[in-house]
4 protein chains.
Amino acid sequence: MISDKIHEECGVFGLHCKEGAKVARDIYYGLCSLQHRGQESAGICVCNTAGPIGNISFHKDMGLVRDVFSEKEMEQLQGNMGIGHVRYSTTGKSCVENAQPLVLNYLKGTLAVAHNGNIINSAELREALQSEGSIFRGDTDSEVIAFQIAKERTKTKSVEEAIKNTVTKIKGGFALLVMSPRKLIGVRDPLGIKPLCLGKLDDGYVLSSESCALSTIGATFVRDVKPGEMVIITEDGVVSDESLCGDERAHCIFEYIYFARQDSVMDGIGIYEARIRAGRALARRNQVDADIVVGVPDSGITAAVGYAQESKIPFALAFQKNSYVGRTFIKPTQGERETSVHLKLSVLEPVVKGKSIVLIDDSIVRGTTIANLIKMLRKAGAKAVHVRICSPTFLHPCYYGTDIPTDSQLIAHSLTIDEICEHIGADTLHYMELEDLSEMTGELGLCKACLDGKYPLT
Amino acid sequence: MISDKIHEECGVFGLHCKEGAKVARDIYYGLCSLQHRGQESAGICVCNTAGPIGNISFHKDMGLVRDVFSEKEMEQLQGNMGIGHVRYSTTGKSCVENAQPLVLNYLKGTLAVAHNGNIINSAELREALQSEGSIFRGDTDSEVIAFQIAKERTKTKSVEEAIKNTVTKIKGGFALLVMSPRKLIGVRDPLGIKPLCLGKLDDGYVLSSESCALSTIGATFVRDVKPGEMVIITEDGVVSDESLCGDERAHCIFEYIYFARQDSVMDGIGIYEARIRAGRALARRNQVDADIVVGVPDSGITAAVGYAQESKIPFALAFQKNSYVGRTFIKPTQGERETSVHLKLSVLEPVVKGKSIVLIDDSIVRGTTIANLIKMLRKAGAKAVHVRICSPTFLHPCYYGTDIPTDSQLIAHSLTIDEICEHIGADTLHYMELEDLSEMTGELGLCKACLDGKYPLT
Amino acid sequence: MISDKIHEECGVFGLHCKEGAKVARDIYYGLCSLQHRGQESAGICVCNTAGPIGNISFHKDMGLVRDVFSEKEMEQLQGNMGIGHVRYSTTGKSCVENAQPLVLNYLKGTLAVAHNGNIINSAELREALQSEGSIFRGDTDSEVIAFQIAKERTKTKSVEEAIKNTVTKIKGGFALLVMSPRKLIGVRDPLGIKPLCLGKLDDGYVLSSESCALSTIGATFVRDVKPGEMVIITEDGVVSDESLCGDERAHCIFEYIYFARQDSVMDGIGIYEARIRAGRALARRNQVDADIVVGVPDSGITAAVGYAQESKIPFALAFQKNSYVGRTFIKPTQGERETSVHLKLSVLEPVVKGKSIVLIDDSIVRGTTIANLIKMLRKAGAKAVHVRICSPTFLHPCYYGTDIPTDSQLIAHSLTIDEICEHIGADTLHYMELEDLSEMTGELGLCKACLDGKYPLT
Amino acid sequence: MISDKIHEECGVFGLHCKEGAKVARDIYYGLCSLQHRGQESAGICVCNTAGPIGNISFHKDMGLVRDVFSEKEMEQLQGNMGIGHVRYSTTGKSCVENAQPLVLNYLKGTLAVAHNGNIINSAELREALQSEGSIFRGDTDSEVIAFQIAKERTKTKSVEEAIKNTVTKIKGGFALLVMSPRKLIGVRDPLGIKPLCLGKLDDGYVLSSESCALSTIGATFVRDVKPGEMVIITEDGVVSDESLCGDERAHCIFEYIYFARQDSVMDGIGIYEARIRAGRALARRNQVDADIVVGVPDSGITAAVGYAQESKIPFALAFQKNSYVGRTFIKPTQGERETSVHLKLSVLEPVVKGKSIVLIDDSIVRGTTIANLIKMLRKAGAKAVHVRICSPTFLHPCYYGTDIPTDSQLIAHSLTIDEICEHIGADTLHYMELEDLSEMTGELGLCKACLDGKYPLT
């Protein structure tokens, strides 16, 4: 909600049910539960596995899932297998041409692809494909992957093989759903940078970026798709191909810190609990004498609960969120009273008045929002504001699918922590230590390149 | 968000600034902060106090504030004084004819009226007005009040006098904003059933149903309007007429329990703190051995914080809300997997698994929602669910402007507390005791007719 | 289509069918056929004559009939009797508050009113009503009439009597439809300034501003409502009250010249034929040597056909209209190539090249459009352009319900005919002579105050 | 307007102006003038010839030009060169994926293509392209052409050469606009089945399906693009490549009969005059004793003027069109009074009553509409209705880009002319004789395969 945040790129959701079932509505609900991963465009593509090959219907447009689809679209999306996608554009323009799922018509029939992630060798692959005659309609790396699969497919015996060949060629973080006329296939990058999990319904199987979307449609969580694993779902059930799996792991640390919805479990780690532990770790490391612990809604609140548990400083709610403020909202004009943050968040004055406060947030990007909130707390009578951030300082760009701004816009790139503390108007400021990340995520192999500059892929 | 709730009727917001100022945008922001009080229709009416009499512009329509107004409407609403209204219909049809503010053209010029509340002698007044020739366009008690004021105005020397005469004739709970060509007047029912408060900007004064809307526009809280008081705001400042004020008080208890936004302070009581105290009172009265305390979002969470503080049982967040589910959402069809509550709320499984839980909610109306949530908690592995409700049992209808359903739909009307406990599937169930309400609101004179059947007006 | 035109104020349409019938859809189609009489707002109000009194539903909004109503609204408009209205505002603001039908709730129940026309003593009546306590919501004379009827109704035994009393008090041109719980009543001003006619369906009766709307719904034309006559339609059939009828007639000449659709028959005169005769009269009076006769679409074309018949000069189509240009059209920016008229009308170059042309239009208001068309004709190679106008010069304002602009904007007010001819760039220019109007409308008593300044009402 | 018509496929419009100019708005106006050629989707793609290569912006969507574009889109379409397209789908689904212009990103940069027509060897070309690795997003022959050009481009030195290679491979009727980063190229099929013409502005050149769109933007008509000719427009002016031009001609006869707007001149023939001559030819061939000649709006009216001139029977307007009936119109429900044709067209009763009528229409496809109109004329009192059709009987499908329905739906396929006459309820019926077509279009080489089954391409 607060705009000074980095964004996850996309969410994917796929469903394969028995013949005769209608999956569009469940994909719709699944996508709604993944909406936090992308709010720019949404799309669903379905197919009847029993029908003639190529019998695909799809609809996609710019906007939230609830605005892109109406009953009319639902009725036209008839099929027992399908994939869906919500998008936030980090590469490629924000336009309907780039909305997913991508649907391709090629020699071997039709292919629909939904992709979350970012490919670092996309430009080279694109060029190679173009020099062999490929013609693109949009400008995303997702289209490059889709084309690569289609190209491989003309040389292989099965779509699975084509996907495997593609996976060996693309470098980056990705969770990929591919729908061929009879199969729903999910594959995850070999380091597991991007999440993907498998769920089960009475009459079918689900693939989803996050487990939170499973419970929405009444599916049970089966397991995470392994890094490098390919899961093939057909009328006959689920088959797994682990031939590209390795031992290395580089799960994106920011899924745990901020991206994932906290009712998800990702690679064995419950997000809610991870954030609770992050709050506890912060509390252990940098003790402070304060009256209350509060979190910035929504993502800072869980860590604040953990901080409170560990520090024994009482947890409190200091902010009231106005959920009626939306995208169509009339913005204050410049020169008007500065009200924009107040519109979305208000301070609970009686809670903070005269209090020394520990304020928990998940991260600081540019520092504008936290500065504003601290000002609001002080205006409401806060005696002191001690800021604690559930992640180490942001210092490096991400090449794997999040929109971390250029170095120069990262406040930690140009200011020391003390300077940031002064800049945002906090009394004290502490970030989580790099070494404490293990308290949050245990022994999990992590990609934390944005924090330490060590990129798992080159 | 959860539909099994009673609703507040309306919110009003008025602003009088110096000549030349433009108030429409601030009224818009104010109404956004009062949107929780009414989501069916919204309207703004403004006027230039320096202009020719009758120079009024207004716009109103069905829908949320953010949908009813665009930049185009803002530009047409030119004026330094204005009133706004958000509506949830408890009397009268839900149609644009009944949207407020009501604008009247009569012998003495124009009059705009915004009303929150309900008049119990509305039918008699309406009939009397009709028999004297009044012709109504809608079917609300608000129109009756507006007409009564206009009628009185033709017999009095000032609009203030007309309002006073009207107030002596109408029985019920009301907060009323009246805009005449030069004056903004606010008046509150003599028992203070409905809330109204006064705020201050550098260049003007504000009247608002709740104080939360003041901070949104950068105004400071001055004080509550007294029960029975009339506040007259003109270019020269604020004048108060307390001639109809009495000593009796009957503030609506449900503002504290559920209606009001928790960053509001109402008649001296901070809503957030009141709910914290309610949670504490619950904890003191009915002790239970449990692992965690959780609240039903959004209104039960604050009380859960209080309960946790008092009981020393750790506070936790057990539910994840999906804020992307809106009104245009495609509903699950009957016969489909039952997913509707899951769409809006999911359980944080790792939090509740194997735990004995205290679940806090503000009230139980029909019992359907809480039953659903308990089922979800158990499915997620909760060992026990002890429900604690921050209000006594609902037993009686409200005649003053809330939409408590008929007796037969109130679960507490047909079942004992033990039976309700069984019905909703809880392990134990306790409501707040009537005598404990004073722990929440102190010595405040309350209307709690819906709980004890003692109606302050007859 | 061309904006330099005067406008008719409104169209009304009412339908009373047997119990059980549903009239909303036919009223919708009827209003569509009257859409040329008003494009700003549209509304339908229906009622079940067999239901409880006051069981009225209505919907109205700004916009064209096709945009205001969807299937959803149609379904909610259940009733076997109803009235509809399309509006172009000549008095009162263009806003939804002023949209009709007006629906009133008063001592005697509900009353719906649809009105076409203008009352010249509206201000006095309004003041009188206000001084007796009436409170208006809008600022139209229609509301004044409706209120007057309601007021009279409280003193009379029937709504018919109330309407009659009202008719004796209001001065002006009007066609009025009034719907009481059991009756549909139509009344026309005693001079017949505004049109109204009666039609018949198998199961009911229709009242309509123009007969063209009758055939749309398959109704047969019965007769014009007489000036001053009141027609009362109930379950038992049609009753007529002629007690206010007189002998004087003052039918608005501009209905024949421009307002009415040419498939209508109005007070015995077929509009198409009247315009044919107008063209013939023009041809007889001012002979010219030319190659072709062409009309300005759409209203000038019929007169051009007549002119061609009389003069034996061949009729041709010289303009192509683009019917895809609508209200939402992006206007050319100032400074751009001047394309606005070309967007709506193009010249058929091969038709006009090297030709001497007689160009027929119905009237000249400001002269801008005709000047533009002449320029286009010349650019396409026309050798000469002889303009013939099917009406005498516009010199005086209209007080009875058309939006003739103020004197100073009427080109004929400041320029002589010769000067106008030069101003618009024509070779010759002739208007219809006042004395030739009788060739168009025969012995019909006419209001031609806008042409000769002789106002039938004072 | 009347649905029982065959449809033209598309319209194209391109503009190349000097650097710094903005062409989007003029393309918008041009497309509005071509809207009669396609109402399903619309699109504009522009480019700055001075900017970096690939600097293209485009917008396209389902709907009319006026609905697809708003000021917001206009502002984003910055460029001094551009192409636009309006589409009616005869091949490919009616969906946004198939909307044009198509924009491709390939080895040589970007390419935008707008296409009117139909390729008969599309399936083979598509297959060949797919077997070489091409991946399609939609299912139109336009995409096939665009891909073929892109493929050729990788093997040639210029885009012109690539287009020429493509033109030698595709068989069918087409007018093609191709926009490369610096050039606007128009090409027409070697038989000239589809129209395309060149116009000139002070600061640039225009390519348009019809000349009517030139005058709309103030451009002058230069000439038709020759069949097989390629016109290359750059900053330096216009260059023509006639190397693929031949002598054979097969201009689509239905452009003259019905498709083209009558203010267009196409391959030397003015459409308006051609239709006048068609009417005259009809009159000469089959004389009849009648009182008036009337045309079916809009396309039959011009021929009726010609018929009247030749036969000396007076021309009249018999139908009133309601231009407010649009796509969003609420359709009559089955079982309701049959009003659908009456909504769009009404009969001018006084014109036809007691008259013997010659009724002119351009063609008969299924015969439903003409039957309805004859019934309406008789109901209005017509004594006799003699139908004359400005084209020979429809007997064969069209493969070049019009949507003539399958044989079995063509009334002339299963009934003799006498039987059709009886079926539609006419007194007499005559079609234009095949040999009389030359009276309409002179010596022009025509494709009249739909009439005589002689297909110019095989």
# chains A, B, ... in the order shown; residues from 1 in each chain; ligands from 1
call {"tool": "interface_residues", "arguments": {"of": "chain C", "to": "chain B", "cutoff": "7 Å", "atoms": "only C-alpha atoms", "output": "ChimeraX atom specification"}}
result
/C:103-107,127,130-131,133-137,151
call {"tool": "select_by_dssp", "arguments": {"residues": "stretch 4-198 of chain C", "states": "helix (DSSP H, G or I)", "output": "ChimeraX atom specification"}}
result
/C:24-33,35-37,65-68,71-76,96-98,122-131,141-153,159-169
call {"tool": "atom_distance", "arguments": {"atom1": "atom CA of B:Ser391", "atom2": "atom CA of A:Asp263"}}
result
29.2 Å
call {"tool": "residues_around", "arguments": {"residues": "A:Ser89", "least_positions_apart": "6", "cutoff": "12 Å", "atoms": "only C-alpha atoms", "output": "ChimeraX atom specification"}}
result
/A:6-11,37-42,62,95-100,115-118,139-142,401-403
call {"tool": "residues_around", "arguments": {"residues": "A:Val178", "least_positions_apart": "6", "cutoff": "8 Å", "atoms": "only C-alpha atoms", "output": "list of chain:residue names"}}
result
A:Ile83, A:Leu111, A:Ala112, A:Val113, A:Ala114, A:Leu184, A:Ile185, A:Gly186
call {"tool": "write_last_selection", "arguments": {"atoms": "C-alpha atoms", "output": "CSV table (one decimal), in the first residue's frame"}}
result
chain,number,residue,atom,x,y,z
A,83,ILE,CA,-3.3,-21.1,-16.0
A,111,LEU,CA,1.1,-23.2,-26.0
A,112,ALA,CA,0.2,-20.9,-23.1
A,113,VAL,CA,2.9,-19.6,-20.7
A,114,ALA,CA,2.8,-17.8,-17.4
A,184,LEU,CA,0.0,-28.6,-17.3
A,185,ILE,CA,3.7,-28.3,-16.5
A,186,GLY,CA,5.3,-26.3,-13.8
call {"tool": "residues_around", "arguments": {"residues": "B:Tyr29", "least_positions_apart": "3", "cutoff": "12 Å", "atoms": "only C-alpha atoms", "output": "MDAnalysis selection string"}}
result
(chainID A and resid 322 324:325 329:332 337:344) or (chainID B and resid 13:15 23:26 32:35 44 65:66 69 74 84:86 208 212:219)
call {"tool": "select_by_dssp", "arguments": {"residues": "stretch 219-353 of chain A", "states": "strand (DSSP E or B)", "output": "MDAnalysis selection string"}}
result
chainID A and resid 220:224 230:234 237:241 251:252 265:266 269:270 292:295 315 319:321 345:347
call {"tool": "closest_residue", "arguments": {"among": "A:Leu429, A:Cys390, A:Ile120, A:Met81", "to": "A:Glu235", "atoms": "only C-alpha atoms"}}
result
A:Met81
call {"tool": "residues_around", "arguments": {"residues": "stretch 424-427 of chain C", "least_positions_apart": "3", "cutoff": "6 Å", "atoms": "only C-alpha atoms", "output": "PyMOL selection string"}}
result
chain C and resi 371+385-386+421
call {"tool": "atom_distance", "arguments": {"atom1": "atom CA of D:Ile313", "atom2": "atom CA of C:Gln287"}}
result
22.8 Å
